[in-house]
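Novice: target09.txt is reproduced in full below (compact mmCIF, C-alpha atoms).
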```txt
# COMPACT_ATOMS: atom_id res chain seq x y z
CA MET A 25 109.72 30.07 -29.48
CA LEU A 26 111.96 27.44 -30.26
CA GLY A 27 113.03 24.57 -28.11
CA PHE A 28 110.89 23.00 -25.46
CA ALA A 29 111.39 25.97 -23.19
CA LEU A 30 109.74 28.25 -25.78
CA LEU A 31 106.64 26.11 -26.09
CA LEU A 32 104.27 28.97 -26.70
CA PHE A 33 106.01 30.47 -29.60
CA THR A 34 107.91 32.96 -27.85
CA VAL A 35 109.52 38.88 -18.63
CA VAL A 36 110.11 38.57 -15.18
CA PHE A 37 113.57 40.11 -15.53
CA PHE A 38 112.21 43.17 -17.36
CA ALA A 39 110.25 45.87 -15.55
CA PRO A 40 106.79 46.56 -17.00
CA LEU A 41 106.40 49.55 -19.27
CA PRO A 42 104.84 52.69 -17.81
CA ALA A 43 101.18 53.29 -18.64
CA GLN A 44 99.55 56.53 -17.61
CA GLU A 45 95.79 56.78 -16.97
CA THR A 46 94.42 59.86 -18.75
CA ASP A 47 91.15 61.47 -19.72
CA GLY A 48 90.06 61.39 -23.33
CA LEU A 49 91.03 57.79 -24.07
CA PRO A 50 89.34 56.10 -27.03
CA ASP A 51 86.25 53.99 -26.48
CA THR A 52 87.31 50.37 -26.02
CA THR A 53 84.63 48.83 -28.24
CA ALA A 54 85.31 51.16 -31.15
CA PHE A 55 89.08 50.90 -30.72
CA VAL A 56 89.10 47.09 -30.76
CA ALA A 57 86.68 47.05 -33.72
CA LYS A 58 89.19 49.09 -35.73
CA LEU A 59 91.97 46.69 -34.78
CA ARG A 60 89.92 43.71 -35.93
CA ALA A 61 89.04 45.50 -39.16
CA LYS A 62 92.75 46.05 -39.76
CA TYR A 63 94.05 42.60 -38.89
CA ALA A 64 91.27 40.04 -39.38
CA PRO A 65 91.71 40.06 -43.20
CA ILE A 66 95.35 39.06 -42.74
CA TYR A 67 94.32 35.95 -40.80
CA ARG A 68 91.89 35.08 -43.56
CA LYS A 69 94.41 35.70 -46.35
CA TYR A 70 97.54 34.02 -44.97
CA ALA A 71 98.41 30.93 -42.96
CA GLY A 72 101.14 32.68 -40.99
CA PHE A 73 104.64 34.09 -41.48
CA GLU A 74 107.95 32.53 -42.43
CA THR A 75 110.84 34.20 -40.66
CA THR A 76 114.42 33.82 -39.45
CA ARG A 77 114.97 33.94 -35.69
CA ASP A 78 118.31 34.58 -34.02
CA PHE A 79 118.27 33.40 -30.38
CA THR A 80 120.63 34.01 -27.50
CA THR A 81 119.66 31.74 -24.62
CA LYS A 82 121.07 31.91 -21.11
CA THR A 83 120.21 29.03 -18.79
CA TYR A 84 120.28 29.42 -15.01
CA ASP A 85 119.82 27.29 -11.92
CA PRO A 86 116.70 28.89 -10.36
CA ALA A 87 117.78 27.93 -6.84
CA THR A 88 121.22 29.58 -6.94
CA GLY A 89 120.97 32.00 -9.87
CA LYS A 90 124.13 30.48 -11.35
CA LEU A 91 124.58 30.79 -15.10
CA LEU A 92 124.90 27.25 -16.47
CA SER A 93 125.18 27.76 -20.23
CA THR A 94 124.84 30.23 -23.09
CA GLU A 95 123.51 29.16 -26.48
CA HIS A 96 123.28 30.89 -29.84
CA THR A 97 120.82 29.50 -32.35
CA VAL A 98 119.58 30.62 -35.78
CA VAL A 99 116.34 29.08 -36.98
CA ARG A 100 114.17 29.43 -40.07
CA LYS A 101 110.59 29.11 -38.88
CA LYS A 102 107.16 28.79 -40.38
CA GLU A 103 104.99 30.37 -37.71
CA TYR A 104 101.37 29.54 -38.34
CA PHE A 105 98.52 31.54 -36.86
CA TYR A 106 96.59 28.59 -35.48
CA LYS A 107 98.88 25.55 -35.32
CA ALA A 108 102.35 24.67 -34.08
CA PRO A 109 105.32 26.16 -35.97
CA GLU A 110 107.74 24.24 -38.15
CA SER A 111 111.43 24.94 -37.55
CA THR A 112 114.70 24.28 -39.39
CA VAL A 113 117.82 24.92 -37.31
CA LEU A 114 120.55 26.65 -39.32
CA LEU A 115 123.11 27.22 -36.56
CA TYR A 116 123.52 25.85 -33.05
CA GLU A 117 126.31 26.89 -30.67
CA LYS A 118 126.69 26.25 -26.96
CA ASP A 119 129.25 28.08 -24.84
CA GLY A 120 131.04 29.14 -28.01
CA LYS A 121 131.25 25.63 -29.48
CA LYS A 122 129.46 24.75 -32.73
CA LEU A 123 127.18 21.73 -32.44
CA ASP A 124 125.12 19.69 -34.87
CA PRO A 125 121.92 21.66 -35.64
CA ASP A 126 120.00 18.38 -35.56
CA ASP A 127 120.81 18.08 -31.85
CA TYR A 128 118.76 21.17 -30.99
CA ASP A 129 115.33 20.44 -29.50
CA THR A 130 112.68 22.10 -31.70
CA THR A 131 109.62 20.77 -29.87
CA GLU A 132 106.76 23.23 -30.39
CA ILE A 133 103.09 23.62 -29.55
CA ALA A 134 100.37 25.91 -30.90
CA PRO A 135 100.66 29.68 -30.31
CA PHE A 136 98.41 32.07 -28.40
CA TRP A 137 94.96 32.57 -29.90
CA PRO A 138 95.18 35.78 -31.98
CA LEU A 139 94.08 39.01 -30.36
CA PHE A 140 92.40 40.58 -33.38
CA ASP A 141 91.08 37.95 -35.77
CA ASP A 142 87.39 37.36 -36.53
CA LYS A 143 86.92 35.19 -33.43
CA SER A 144 89.02 37.04 -30.89
CA ASP A 145 85.91 38.11 -28.95
CA GLU A 146 85.42 34.41 -28.15
CA HIS A 147 88.81 34.33 -26.46
CA TYR A 148 89.44 37.77 -24.93
CA ASP A 149 88.01 40.79 -23.19
CA PHE A 150 89.73 44.15 -23.74
CA ARG A 151 89.89 47.45 -21.90
CA VAL A 152 91.64 50.64 -22.96
CA SER A 153 93.52 51.49 -19.77
CA GLY A 154 95.91 54.31 -20.53
CA GLU A 155 98.57 55.86 -22.71
CA TYR A 156 102.23 54.90 -22.96
CA PHE A 157 104.99 57.44 -23.55
CA PRO A 158 108.54 56.14 -24.21
CA GLY A 159 111.49 57.01 -22.02
CA SER A 160 115.18 56.93 -22.80
CA HIS A 161 115.53 53.26 -21.81
CA SER A 162 112.18 52.01 -23.12
CA MET A 163 112.06 48.97 -25.37
CA LEU A 164 109.24 50.56 -27.38
CA GLN A 165 110.13 53.99 -28.73
CA ARG A 166 106.68 55.10 -29.91
CA PRO A 167 103.67 56.47 -28.03
CA ALA A 168 100.87 53.94 -27.70
CA ILE A 169 97.41 53.25 -26.39
CA VAL A 170 97.51 50.49 -23.76
CA LEU A 171 94.96 47.68 -23.91
CA ASN A 172 94.44 45.33 -20.98
CA VAL A 173 93.89 41.83 -22.37
CA THR A 174 91.88 39.43 -20.20
CA PRO A 175 91.49 35.83 -21.41
CA LYS A 176 88.11 34.11 -21.28
CA LYS A 177 89.73 30.73 -20.61
CA GLU A 178 92.56 29.73 -18.30
CA ASP A 179 94.97 27.76 -20.47
CA TYR A 180 98.31 28.11 -22.20
CA ARG A 181 96.84 29.23 -25.54
CA HIS A 182 95.17 32.30 -24.06
CA PHE A 183 97.34 35.40 -23.60
CA LYS A 184 97.01 37.57 -20.50
CA GLY A 185 98.66 40.98 -20.25
CA HIS A 186 98.91 44.23 -22.16
CA ALA A 187 98.92 45.21 -25.83
CA TYR A 188 100.46 48.48 -27.04
CA VAL A 189 98.82 50.00 -30.12
CA ALA A 190 99.79 53.03 -32.24
CA PRO A 191 97.01 55.60 -31.75
CA ASP A 192 97.16 56.93 -35.32
CA THR A 193 97.70 53.80 -37.45
CA TYR A 194 96.24 51.11 -35.14
CA GLU A 195 99.41 49.04 -35.52
CA LEU A 196 100.01 46.46 -32.82
CA LEU A 197 103.44 47.52 -31.59
CA MET A 198 104.11 45.23 -28.64
CA ILE A 199 102.62 42.83 -26.11
CA GLU A 200 103.87 41.90 -22.66
CA GLY A 201 102.49 39.26 -20.35
CA GLY A 202 102.15 35.50 -20.63
CA PRO A 203 99.73 32.61 -20.84
CA ALA A 204 96.60 32.63 -18.71
CA LYS A 205 97.87 29.34 -17.33
CA PRO A 206 101.35 27.98 -18.13
CA HIS A 207 101.75 24.75 -20.04
CA TRP A 208 102.03 21.74 -17.72
CA ALA A 209 105.78 21.49 -18.38
CA MET A 210 106.42 25.04 -17.18
CA LYS A 211 106.51 26.64 -13.76
CA ASP A 212 106.28 30.10 -15.32
CA PHE A 213 106.52 31.78 -18.70
CA SER A 214 106.51 35.48 -19.59
CA VAL A 215 107.13 37.44 -22.77
CA LYS A 216 107.74 40.86 -24.20
CA TYR A 217 107.26 40.85 -28.01
CA LEU A 218 108.12 43.91 -30.09
CA TYR A 219 106.47 43.75 -33.52
CA GLU A 220 107.05 45.15 -36.98
CA SER A 221 104.53 45.55 -39.79
CA VAL A 222 104.74 42.84 -42.49
CA ALA A 223 102.32 42.49 -45.42
CA GLY A 224 99.61 44.35 -43.54
CA GLY A 225 100.00 42.17 -40.46
CA TYR A 226 102.58 42.09 -37.67
CA CYS A 227 105.47 39.79 -36.91
CA LEU A 228 108.08 39.61 -34.18
CA LYS A 229 111.04 41.98 -34.52
CA LYS A 230 112.53 41.56 -31.02
CA ALA A 231 111.55 39.44 -28.05
CA TRP A 232 112.58 38.97 -24.44
CA VAL A 233 111.33 35.76 -22.87
CA SER A 234 111.67 34.05 -19.50
CA ALA A 235 110.70 30.38 -19.20
CA ARG A 236 111.16 28.08 -16.22
CA VAL A 237 110.91 24.43 -17.26
CA SER A 238 110.90 21.36 -15.04
CA LEU A 239 110.01 17.79 -16.03
CA PHE A 240 110.45 15.17 -13.33
CA LEU A 241 113.09 12.60 -14.35
CA ILE A 242 113.27 14.16 -17.82
CA ARG A 243 114.45 17.76 -17.48
CA PRO A 244 115.95 19.41 -14.39
CA ASP A 245 114.49 22.64 -13.06
CA ARG A 246 116.00 25.43 -15.17
CA ARG A 247 115.23 29.03 -16.04
CA HIS A 248 115.88 30.05 -19.64
CA ILE A 249 116.23 33.71 -20.60
CA TYR A 250 115.92 34.37 -24.33
CA GLU A 251 116.67 37.43 -26.42
CA VAL A 252 115.37 37.00 -29.95
CA THR A 253 115.65 38.97 -33.19
CA GLY A 254 113.42 38.35 -36.20
CA SER A 255 114.36 39.09 -39.83
CA ASP A 256 113.66 38.20 -43.46
CA THR A 257 109.93 37.77 -42.82
CA LYS A 258 107.32 36.99 -45.46
CA PRO A 259 103.70 35.79 -45.36
CA ILE A 260 102.80 32.14 -45.90
CA PRO A 261 100.01 31.82 -48.51
CA LYS A 262 97.04 29.60 -47.69
```
Would you give me this structure, written as structure tokens?

Specialist:
Amino acid sequence: MLGFALLLFTVVFFAPLPAQETDGLPDTTAFVAKLRAKYAPIYRKYAGFETTRDFTTKTYDPATGKLLSTEHTVVRKKEYFYKAPESTVLLYEKDGKKLDPDDYDTTEIAPFWPLFDDKSDEHYDFRVSGEYFPGSHSMLQRPAIVLNVTPKKEDYRHFKGHAYVAPDTYELLMIEGGPAKPHWAMKDFSVKYLYESVAGGYCLKKAWVSARVSLFLIRPDRRHIYEVTGSDTKPIPK
């Protein structure tokens, strides 16, 4: 999310959640139609969400696995549905030392195309693939229907992975996966986003992100592991 290493508006180090194939799963077309009916009005009504994000970032040398630095950052963000976020850094610490918030790199690009707005069928194919049941160490502690999400284009704005949806309320609870094709500045990028319901829509509550960034002569090859908490979220009126 924030910083150049979170270009997609934020995991290989986290095992995938268990999904069990079962009989009696909902019809994909009808299930996705209900999700669009629930969420598409939110995309029409609001421009996005304003939220506070608390980041812990650990940076590693990918070749040796050595931990190089640990950062703590608090950011107030305007996360728009269709364009790049706007960020104000409130706190920036590196290896326990407070730094000038203005020194933090807040370079951003546009987010994934939404999964359930009015035009999501132009961007994605879906398939109900199974049911998820939480275990004692699961990130998501609610049963869910698992949707396979297949992008129709191979680029960094198209998500590829799985969506976890509450079977009774049709809330989007979590996604895990990454871009169909990483941004040119990244060797790989993967996410696990846990959502909470806000104003009829959904916004990030917790996130676990892995991003490997390498820019010849500009940025050395580094892997960044982020743990993010969202709070104080409100919709942005159009």

Novice: Tell me which residues come within 6 Å of (118.9, 30.1, -16.4), as a PyMOL selection string, counting only C-alpha atoms in the file's coordinates.

Specialist: chain A and resi 82-85+91+246-248

Novice: With all atoms listed in the file as the basis for distance, which of A:Asp212, A:Asp129, A:Glu200, A:Glu251 is at the shortest distance from Thr80 in chain A?

Specialist: A:Glu251

Novice: In Å, with one decimal, what is the gap from CA of Pro244 in chain A to CA of Glu132 in chain A?

Specialist: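 Straight-line distance from CA of Pro244 in chain A to CA of Glu132 in chain A works out to 18.8 Å.
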
Novice: Find the distance between CA of Lys176 in chain A and CA of Arg68 in chain A and write it in Å to one decimal.

Specialist: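 Rounded to one decimal, the two atoms are 22.6 Å apart.
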
Novice: Counting only C-alpha atoms, what is within 9 Å of Asp78 in chain A, bar same-chain residues fewer than 5 positions away, as a count of residues only?

Specialist: 10

Novice: Which value, in Å to one decimal, gives the distance between CA of Lys122 in chain A and CA of Lys101 in chain A?

Specialist: 20.3 Å

Novice: When you look at range 215-219 of chain A with a cut-off of 9 Å (counting all atoms listed in the file), what residues show up, excluding the ones that are within fewer than 5 positions of it in the same chain? I need them as a PyMOL selection string.

Specialist: chain A and resi 34-36+38+163-164+196-202+226-235

Novice: Taking only C-alpha atoms into account, which of A:Thr193, A:Phe183, A:Phe136, A:Phe105 comes nearest Ile66 in chain A?

Specialist: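 That would be A:Phe105, the residue with the smallest distance to Ile66 in chain A.
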
Novice: For the point (107.6, 55.7, -29.6) in file coordinates, what residues are within 12 Å, counting all atoms listed in the file? Give the answer as a ChimeraX atom specification?

Specialist: /A:155-169,188-192,197-198,218

Novice: From the list A:Arg60, A:Lys121, A:Lys102, A:Lys211, which residue is nearest Lys143 in chain A when using only C-alpha atoms?

Specialist: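 When distances to Lys143 in chain A are compared using only C-alpha atoms, the smallest one comes from A:Arg60.
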
Novice: Please return range 215-226 of chain A, rebuilt to all heavy atoms, as a compact mmCIF listing (two decimals), keeping the file's coordinate frame.

Specialist:
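Once written, rebuild-v2.txt looks like this:
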```
# COMPACT_ATOMS: atom_id res chain seq x y z
N VAL A 215 106.60 36.97 -21.50
CA VAL A 215 107.13 37.44 -22.77
C VAL A 215 106.99 38.95 -22.89
O VAL A 215 106.12 39.57 -22.28
CB VAL A 215 106.42 36.79 -23.98
CG1 VAL A 215 106.50 35.27 -23.90
CG2 VAL A 215 104.96 37.24 -24.07
N LYS A 216 107.86 39.51 -23.70
CA LYS A 216 107.74 40.86 -24.20
C LYS A 216 108.07 40.77 -25.68
O LYS A 216 109.22 40.50 -26.05
CB LYS A 216 108.69 41.81 -23.46
CG LYS A 216 108.47 43.29 -23.77
CD LYS A 216 109.58 44.14 -23.19
CE LYS A 216 109.66 44.08 -21.69
NZ LYS A 216 108.69 44.97 -21.03
N TYR A 217 107.08 40.96 -26.56
CA TYR A 217 107.26 40.85 -28.01
C TYR A 217 107.12 42.23 -28.64
O TYR A 217 106.08 42.87 -28.51
CB TYR A 217 106.20 39.94 -28.63
CG TYR A 217 106.27 38.47 -28.26
CD1 TYR A 217 105.15 37.66 -28.42
CD2 TYR A 217 107.43 37.89 -27.78
CE1 TYR A 217 105.18 36.32 -28.09
CE2 TYR A 217 107.47 36.55 -27.46
CZ TYR A 217 106.35 35.76 -27.62
OH TYR A 217 106.39 34.42 -27.30
N LEU A 218 108.16 42.67 -29.33
CA LEU A 218 108.12 43.91 -30.09
C LEU A 218 107.91 43.55 -31.55
O LEU A 218 108.65 42.74 -32.12
CB LEU A 218 109.45 44.65 -29.91
CG LEU A 218 109.59 46.02 -30.55
CD1 LEU A 218 108.65 47.03 -29.87
CD2 LEU A 218 111.03 46.51 -30.46
N TYR A 219 106.88 44.15 -32.17
CA TYR A 219 106.47 43.75 -33.52
C TYR A 219 106.88 44.77 -34.57
O TYR A 219 107.11 45.95 -34.28
CB TYR A 219 104.95 43.59 -33.58
CG TYR A 219 104.42 42.44 -32.75
CD1 TYR A 219 103.58 42.67 -31.67
CD2 TYR A 219 104.73 41.12 -33.06
CE1 TYR A 219 103.08 41.63 -30.91
CE2 TYR A 219 104.23 40.07 -32.32
CZ TYR A 219 103.41 40.33 -31.24
OH TYR A 219 102.91 39.29 -30.49
N GLU A 220 106.92 44.29 -35.82
CA GLU A 220 107.05 45.15 -36.98
C GLU A 220 105.95 44.80 -37.97
O GLU A 220 105.42 43.67 -37.96
CB GLU A 220 108.42 44.98 -37.65
CG GLU A 220 108.69 43.59 -38.20
CD GLU A 220 110.06 43.48 -38.85
OE1 GLU A 220 110.65 44.53 -39.17
OE2 GLU A 220 110.54 42.35 -39.05
N SER A 221 105.59 45.76 -38.81
CA SER A 221 104.53 45.55 -39.79
C SER A 221 105.08 44.75 -40.97
O SER A 221 106.13 45.09 -41.52
CB SER A 221 103.99 46.90 -40.26
OG SER A 221 102.95 46.72 -41.21
N VAL A 222 104.36 43.68 -41.36
CA VAL A 222 104.74 42.84 -42.49
C VAL A 222 103.47 42.48 -43.27
O VAL A 222 102.55 41.89 -42.71
CB VAL A 222 105.44 41.55 -42.03
CG1 VAL A 222 105.78 40.67 -43.24
CG2 VAL A 222 106.69 41.85 -41.23
N ALA A 223 103.42 42.86 -44.53
CA ALA A 223 102.32 42.49 -45.42
C ALA A 223 100.95 42.83 -44.84
O ALA A 223 99.99 42.08 -45.01
CB ALA A 223 102.41 41.01 -45.78
N GLY A 224 100.87 43.94 -44.13
CA GLY A 224 99.61 44.35 -43.54
C GLY A 224 99.34 43.75 -42.17
O GLY A 224 98.40 44.16 -41.49
N GLY A 225 100.14 42.78 -41.77
CA GLY A 225 100.00 42.17 -40.46
C GLY A 225 101.15 42.59 -39.56
O GLY A 225 101.75 43.66 -39.75
N TYR A 226 101.47 41.78 -38.57
CA TYR A 226 102.58 42.09 -37.67
C TYR A 226 103.33 40.81 -37.37
O TYR A 226 102.77 39.72 -37.30
CB TYR A 226 102.08 42.74 -36.38
CG TYR A 226 101.05 41.93 -35.62
CD1 TYR A 226 101.43 40.99 -34.67
CD2 TYR A 226 99.69 42.09 -35.88
CE1 TYR A 226 100.49 40.24 -33.98
CE2 TYR A 226 98.74 41.35 -35.19
CZ TYR A 226 99.15 40.43 -34.25
OH TYR A 226 98.22 39.68 -33.58
```
